[in-house]
Structure formats: C-alpha cells, structure tokens
Amino acid sequence: MQTQAGRKLDQFAFLHDHTFEEKLDKLAQKAEEEDWQYEDINCSTVNNIIGTFETNYPILRNYLNYTFKRVDEENKVIYDTGNERNAKYACFNTGLISRNLSKPIFGLFEVNENYKNNERLKKWHLFGFFDRSQGEFTRKFAVLPKLARYVDFSKPENFSNYVYNPDLELDVPDENQIKQHMIKDNISRFPQEFQELRENYRLGILNDAIRRAKELAEQSNRIALPQCRPKQRQLQILLPLFLEPDNEDEASVALPIQTQGNLYVVKTVLPLSWAYSNARLLSRFRKDWLKPIKAESIENEEDIDFED
C-alpha cells in the first residue's frame, strides 16, 4: 500500500549546508563508477546547477531526490523504532552498489539537532551513505530497506513502455502539431544550431529524424531505452533523434513515446540531460546513445520532470 505523494530527499531532510556536497563526493567515490556530471557537446564538464545550488554531481543529486521520493511513496523508508514520529534514525536504499564490495548502499539519517528546539524545521539530517557491512548502519538497523520499484508488470501497458515493441505502430503528429508544439513551444530544448534554421527546414529535419529513430529501434534492441516520469508515475520509451546530417553517431535530443491503445504516440522532445536523468532512475547506462550532454539553452536542471 502506498502513502500519499512521496517527499523528495530535499523535502525530507535538511541538506542545505556544505557537508551535503562532501557526502555526495564520498558517495560518488564509493559507488560503481559512472558519469554524475553533465557535459557539453565537446564532452567538457559544464556549470551544473540544481535550483539555486551549484554542485559537482547534478545527476546524482537528482537521482537521490527522486529515488527517495519513490521509496517514500512505497513506504520503504525504514525507521529504527518503526515509526517516524519517535524515531532517532532513518534509512533508505539508494539503489547504488559499492564499487569494491558490490554491496548495496544505504542513506542514513539522524535527527537534526536544531529540530529538537524548533519543530517547524525539518526533522532529519543526512548522516551519510553506508553499505550493510559498516557498523554505522548495522548498529542501528537489523532490517535492510528495499529497492524502489517503478515498473508494475501486472499492467500490460507497462511492458511496452519499458521494452520497445516493434509490432506497435508509431503515430507521428501532423505537420501543425510538430511545428507548434514540438518545435515552437519547446524550441529551447533543441541544440542552438537547430534553433537558428528556417522553420520549414527544421520541420523536414525533424520528420526525417523521427522516421530514422523508428527504423533504428526496429533493427536493434539497444536503441530504445526506458525512462520514468516520477511526478506522473509514468514509464515511457526514449528514442534518439539525430538532427545533424553530418553527424549520424551523436543524438541531438531524445524523443519520448508512450503507448496509447495499440499505438505508440509521440509526446514531446527532451534535451539529452533531462532524458538521461529520468532514465537513470531505472537503470545504469554503459555505452549507449543517451549521454549526459547539457545543451547551451538549458540553464537549470532543478526539475528533470517536464511538461509534454
């Protein structure tokens, strides 16, 4: 049984001090190695800001925020007393694995010292990240917190929004929808070079890219990747859109599609950085087209969830 809408990590615990960035750094070093920073098109690290805070680990911060939100929805946050009201410690499963011991990593909270004098403050302070063999964790908890789950395969539609089904037709929007909604309403999501093209030229390139994405997904099961929209609790498939005719190896933006009856419908377009953060909630990526590249026109990564 789920609770009301879950709290994100920064809604549950006080994080706005210098120690949180230090804890993120230790977690990034402790977990299996992967990219937790956005890059520009030249693979150089860019200025990474979440809300009003600059961080070296924007993808990791978003990942923890929404992973915690999901386990809170699922009642999987564990308290040492079994009840949040009188608990002294809390913990959750980050879904990450330690790189040396291959053990699950848990986030551990203690009561915020200032909360004892002012209950209007957030009760919890992040103590750190530990695996199950470390005394800081085992001395406080005998039960291991469970992983977040995003996929309910008892609902048939979820399977086709997690693994691409080539038997379903892709319903491409008409020309007016592409011009107005996909391009004009969301122009900042595209690379700068694409934004500067004439309207009709942009329309032709986008149409060709959508057709090519469909063909690629039907030819290889490594092309279509799943993403989670945490606020809507929705699964979608991501397809790559290659918008540069002279560069057919690097995707420019991602195309989310979703089942509707016996069709896949095109929802919108996403910058690769948003798509990567959403998809990372479900799985760790190795060598795929989806990379944490941040477009120049995307100024802030505060909320990776998006409007269609």
# chains A, B, ... in the order shown; residues from 1 in each chain; ligands from 1

$ residues_around --residues "Gln134 of chain A" --least-positions-apart "4" --cutoff "12 Å" --atoms "only C-alpha atoms" --output "MDAnalysis selection string"
chainID A and resid 98 101 103:106 108 128:130 138:141

$ select_by_dssp --residues "segment 2-171 of chain A" --states "alpha helix (DSSP H)" --output "ChimeraX atom specification"
/A:9-12,18-30,58-73,135-138,156-160

$ residues_around --residues "Glu110 of chain A" --least-positions-apart "2" --cutoff "12 Å" --atoms "only C-alpha atoms" --output "PyMOL selection string"
chain A and resi 12-14+79-80+84+86-91+107-108+112-116+122-129+136-137+140

$ write_last_selection --atoms "N, CA, C and O atoms" --output "compact mmCIF listing (two decimals), in the first residue's frame"
# COMPACT_ATOMS: atom_id res chain seq x y z
N PHE A 12 12.51 15.97 2.68
CA PHE A 12 12.52 15.11 3.86
C PHE A 12 13.58 15.55 4.85
O PHE A 12 13.36 15.54 6.07
N ALA A 13 14.74 15.92 4.33
CA ALA A 13 15.90 16.19 5.20
C ALA A 13 16.51 17.54 4.90
O ALA A 13 16.42 18.06 3.78
N PHE A 14 17.18 18.11 5.90
CA PHE A 14 17.92 19.35 5.73
C PHE A 14 19.22 19.03 5.00
O PHE A 14 20.04 18.24 5.47
N TYR A 79 12.57 3.19 9.78
CA TYR A 79 12.88 3.96 10.99
C TYR A 79 13.28 3.00 12.10
O TYR A 79 12.74 1.90 12.21
N ASP A 80 14.23 3.41 12.94
CA ASP A 80 14.77 2.50 13.96
C ASP A 80 13.71 2.05 14.95
O ASP A 80 13.78 0.95 15.50
N GLU A 84 8.09 7.04 12.29
CA GLU A 84 8.87 8.25 12.05
C GLU A 84 8.75 9.25 13.20
O GLU A 84 9.71 9.94 13.53
N ASN A 86 8.63 9.03 16.51
CA ASN A 86 9.54 8.93 17.66
C ASN A 86 10.89 8.31 17.31
O ASN A 86 11.65 7.92 18.19
N ALA A 87 11.19 8.21 16.01
CA ALA A 87 12.46 7.60 15.58
C ALA A 87 13.63 8.54 15.79
O ALA A 87 13.49 9.77 15.75
N LYS A 88 14.80 7.95 16.02
CA LYS A 88 16.04 8.71 16.12
C LYS A 88 16.88 8.57 14.86
O LYS A 88 17.75 9.40 14.59
N TYR A 89 16.62 7.50 14.09
CA TYR A 89 17.37 7.25 12.86
C TYR A 89 16.42 6.75 11.77
O TYR A 89 15.39 6.12 12.06
N ALA A 90 16.77 7.05 10.51
CA ALA A 90 16.01 6.58 9.35
C ALA A 90 17.00 6.17 8.27
O ALA A 90 18.16 6.62 8.27
N CYS A 91 16.56 5.31 7.35
CA CYS A 91 17.45 4.93 6.26
C CYS A 91 16.64 4.55 5.03
O CYS A 91 15.44 4.27 5.10
N GLY A 107 21.30 5.22 2.46
CA GLY A 107 21.40 6.56 3.03
C GLY A 107 20.91 6.52 4.46
O GLY A 107 19.84 5.96 4.74
N LEU A 108 21.67 7.10 5.38
CA LEU A 108 21.35 7.06 6.80
C LEU A 108 21.09 8.48 7.31
O LEU A 108 21.86 9.41 7.04
N ASN A 112 17.89 16.03 13.17
CA ASN A 112 18.52 17.34 13.07
C ASN A 112 18.60 17.97 14.46
O ASN A 112 17.57 18.11 15.15
N GLU A 113 19.79 18.33 14.89
CA GLU A 113 19.97 18.90 16.23
C GLU A 113 19.08 20.12 16.46
O GLU A 113 18.53 20.31 17.54
N ASN A 114 18.92 20.95 15.43
CA ASN A 114 18.11 22.17 15.58
C ASN A 114 16.62 21.87 15.69
O ASN A 114 15.85 22.68 16.21
N TYR A 115 16.22 20.70 15.21
CA TYR A 115 14.81 20.32 15.25
C TYR A 115 14.34 20.14 16.70
O TYR A 115 13.17 20.40 17.02
N LYS A 116 15.24 19.73 17.57
CA LYS A 116 14.88 19.49 18.97
C LYS A 116 14.40 20.77 19.64
O LYS A 116 13.61 20.74 20.59
N LYS A 122 12.97 20.94 9.49
CA LYS A 122 12.96 19.54 9.04
C LYS A 122 13.60 18.68 10.12
O LYS A 122 14.63 19.03 10.69
N LYS A 123 12.96 17.54 10.39
CA LYS A 123 13.43 16.68 11.47
C LYS A 123 14.75 16.01 11.14
O LYS A 123 15.58 15.79 12.03
N TRP A 124 14.98 15.69 9.86
CA TRP A 124 16.08 14.80 9.52
C TRP A 124 17.28 15.52 8.92
O TRP A 124 17.14 16.49 8.18
N HIS A 125 18.44 14.99 9.25
CA HIS A 125 19.72 15.45 8.68
C HIS A 125 20.42 14.23 8.12
O HIS A 125 20.45 13.17 8.75
N LEU A 126 20.97 14.35 6.92
CA LEU A 126 21.65 13.22 6.29
C LEU A 126 22.99 12.97 6.99
O LEU A 126 23.87 13.83 6.97
N PHE A 127 23.11 11.80 7.59
CA PHE A 127 24.34 11.44 8.30
C PHE A 127 25.41 10.95 7.32
O PHE A 127 26.59 11.24 7.48
N GLY A 128 25.00 10.21 6.29
CA GLY A 128 25.97 9.71 5.32
C GLY A 128 25.44 8.51 4.57
O GLY A 128 24.27 8.13 4.71
N PHE A 129 26.33 7.91 3.77
CA PHE A 129 25.98 6.74 2.96
C PHE A 129 26.87 5.57 3.35
O PHE A 129 28.10 5.71 3.40
N GLU A 136 28.17 1.78 11.29
CA GLU A 136 27.25 2.91 11.41
C GLU A 136 25.83 2.51 11.01
O GLU A 136 24.86 3.07 11.52
N PHE A 137 25.73 1.54 10.10
CA PHE A 137 24.41 1.07 9.66
C PHE A 137 23.93 -0.10 10.51
O PHE A 137 22.81 -0.11 11.01
N LYS A 140 22.33 0.21 14.00
CA LYS A 140 21.04 0.91 14.11
C LYS A 140 19.90 0.15 13.45
O LYS A 140 18.73 0.34 13.81

$ residues_around --residues "Glu33 of chain A" --least-positions-apart "4" --cutoff "8 Å" --atoms "only C-alpha atoms" --output "list in words"
Ala28, Gln29 and Arg99 of chain A

$ residues_around --residues "segment 196-202 of chain A" --least-positions-apart "3" --cutoff "12 Å" --atoms "only C-alpha atoms" --output "VMD selection string"
chain A and resid 175 to 176 178 to 180 182 to 184 187 to 188 190 to 193 205 to 209 243 to 244

$ write_last_selection --atoms "C-alpha atoms" --output "PDB file, in the first residue's frame"
ATOM      1  CA  GLU A 175       2.731  18.882 -39.509  1.00  0.00           C
ATOM      2  CA  ASN A 176       0.955  21.588 -37.497  1.00  0.00           C
ATOM      3  CA  ILE A 178       5.182  19.305 -34.938  1.00  0.00           C
ATOM      4  CA  LYS A 179       5.603  22.959 -35.912  1.00  0.00           C
ATOM      5  CA  GLN A 180       3.692  24.392 -32.961  1.00  0.00           C
ATOM      6  CA  MET A 182       7.288  20.039 -30.655  1.00  0.00           C
ATOM      7  CA  ILE A 183       9.339  22.865 -32.188  1.00  0.00           C
ATOM      8  CA  LYS A 184       7.924  26.314 -31.369  1.00  0.00           C
ATOM      9  CA  ILE A 187      12.482  25.377 -29.091  1.00  0.00           C
ATOM     10  CA  SER A 188      14.908  25.841 -26.169  1.00  0.00           C
ATOM     11  CA  PHE A 190      16.926  21.798 -29.233  1.00  0.00           C
ATOM     12  CA  PRO A 191      20.612  22.463 -29.991  1.00  0.00           C
ATOM     13  CA  GLN A 192      21.407  26.081 -30.878  1.00  0.00           C
ATOM     14  CA  GLU A 193      22.281  25.215 -34.474  1.00  0.00           C
ATOM     15  CA  ILE A 205      14.913  17.551 -40.485  1.00  0.00           C
ATOM     16  CA  LEU A 206      12.718  16.608 -37.516  1.00  0.00           C
ATOM     17  CA  ASN A 207      10.385  14.483 -39.629  1.00  0.00           C
ATOM     18  CA  ASP A 208      13.331  12.604 -41.132  1.00  0.00           C
ATOM     19  CA  ALA A 209      14.867  12.110 -37.682  1.00  0.00           C
ATOM     20  CA  LEU A 243      19.381  16.206 -36.287  1.00  0.00           C
ATOM     21  CA  GLU A 244      22.820  16.845 -37.748  1.00  0.00           C
TER      22      GLU A 244
END

$ residues_around --residues "segment 230-242 of chain A" --least-positions-apart "5" --cutoff "7 Å" --atoms "only C-alpha atoms" --output "PyMOL selection string"
chain A and resi 66+158+161-162+164+209-210+213+223-225+248+250-258+305

$ write_last_selection --atoms "N, CA, C and O atoms" --output "short mmCIF file (atom, residue, chain, number, x, y, z; two decimals), in the first residue's frame"
data_model
loop_
_atom_site.label_atom_id
_atom_site.label_comp_id
_atom_site.auth_asym_id
_atom_site.auth_seq_id
_atom_site.Cartn_x
_atom_site.Cartn_y
_atom_site.Cartn_z
N TYR A 66 14.74 11.79 -6.45
CA TYR A 66 13.57 11.08 -6.95
C TYR A 66 13.55 9.61 -6.54
O TYR A 66 12.48 9.02 -6.44
N ASN A 158 2.51 -1.41 -19.26
CA ASN A 158 3.82 -1.04 -18.74
C ASN A 158 4.95 -1.74 -19.47
O ASN A 158 6.04 -1.20 -19.61
N ASN A 161 6.01 0.06 -22.46
CA ASN A 161 6.62 1.34 -22.15
C ASN A 161 7.97 1.16 -21.45
O ASN A 161 8.61 2.15 -21.05
N TYR A 162 8.39 -0.09 -21.31
CA TYR A 162 9.69 -0.40 -20.71
C TYR A 162 10.62 -1.05 -21.74
O TYR A 162 11.82 -0.77 -21.76
N TYR A 164 10.76 -1.69 -25.92
CA TYR A 164 10.12 -1.28 -27.18
C TYR A 164 9.50 -2.46 -27.89
O TYR A 164 10.12 -3.51 -28.06
N ALA A 209 14.25 12.68 -38.88
CA ALA A 209 14.87 12.11 -37.68
C ALA A 209 13.91 11.16 -36.97
O ALA A 209 14.32 10.11 -36.45
N ILE A 210 12.62 11.49 -36.93
CA ILE A 210 11.63 10.62 -36.29
C ILE A 210 11.51 9.31 -37.05
O ILE A 210 11.46 8.22 -36.46
N ALA A 213 14.58 7.21 -36.36
CA ALA A 213 14.56 6.66 -35.00
C ALA A 213 13.69 5.40 -34.95
O ALA A 213 14.06 4.41 -34.30
N ILE A 223 18.57 0.44 -28.97
CA ILE A 223 18.27 1.82 -29.33
C ILE A 223 17.21 2.43 -28.41
O ILE A 223 17.38 3.52 -27.87
N ALA A 224 16.11 1.73 -28.23
CA ALA A 224 15.02 2.24 -27.40
C ALA A 224 15.34 2.00 -25.92
O ALA A 224 15.62 0.88 -25.51
N LEU A 225 15.27 3.06 -25.11
CA LEU A 225 15.59 2.98 -23.69
C LEU A 225 14.40 3.49 -22.87
O LEU A 225 13.70 4.41 -23.29
N GLU A 248 25.94 11.35 -37.74
CA GLU A 248 24.92 10.34 -37.51
C GLU A 248 25.25 9.42 -36.33
O GLU A 248 24.60 8.39 -36.15
N GLU A 250 25.96 10.88 -33.08
CA GLU A 250 25.64 11.57 -31.83
C GLU A 250 24.20 12.07 -31.87
O GLU A 250 23.84 12.91 -32.70
N ALA A 251 23.36 11.57 -30.98
CA ALA A 251 21.98 12.04 -30.89
C ALA A 251 21.96 13.50 -30.44
O ALA A 251 22.82 13.95 -29.67
N SER A 252 20.98 14.25 -30.93
CA SER A 252 20.84 15.67 -30.58
C SER A 252 19.85 15.88 -29.44
O SER A 252 20.07 16.70 -28.55
N VAL A 253 18.72 15.19 -29.50
CA VAL A 253 17.69 15.24 -28.46
C VAL A 253 17.06 13.85 -28.36
O VAL A 253 17.33 12.98 -29.19
N ALA A 254 16.23 13.67 -27.35
CA ALA A 254 15.53 12.40 -27.16
C ALA A 254 14.05 12.58 -27.46
O ALA A 254 13.48 13.65 -27.22
N LEU A 255 13.43 11.52 -27.98
CA LEU A 255 12.02 11.53 -28.32
C LEU A 255 11.27 10.56 -27.41
O LEU A 255 11.37 9.35 -27.57
N PRO A 256 10.51 11.06 -26.42
CA PRO A 256 9.70 10.16 -25.58
C PRO A 256 8.45 9.71 -26.33
O PRO A 256 7.75 10.52 -26.93
N ILE A 257 8.17 8.42 -26.29
CA ILE A 257 6.94 7.88 -26.85
C ILE A 257 6.26 7.03 -25.79
O ILE A 257 6.90 6.52 -24.87
N GLN A 258 4.94 6.89 -25.92
CA GLN A 258 4.18 6.19 -24.90
C GLN A 258 3.01 5.46 -25.55
O GLN A 258 2.46 5.93 -26.55
N ASP A 305 11.71 16.41 -14.33
CA ASP A 305 10.41 16.08 -14.87
C ASP A 305 9.95 17.25 -15.72
O ASP A 305 10.34 18.40 -15.50
#

$ closest_residue --among "A:Val172, A:Val151, A:Cys228, A:Leu64" --to "Lys267 of chain A" --atoms "only C-alpha atoms"
A:Val172

$ closest_residue --among "A:His18, A:Lys214, A:Arg189, A:Arg85" --to "Leu270 of chain A" --atoms "only C-alpha atoms"
A:Arg189
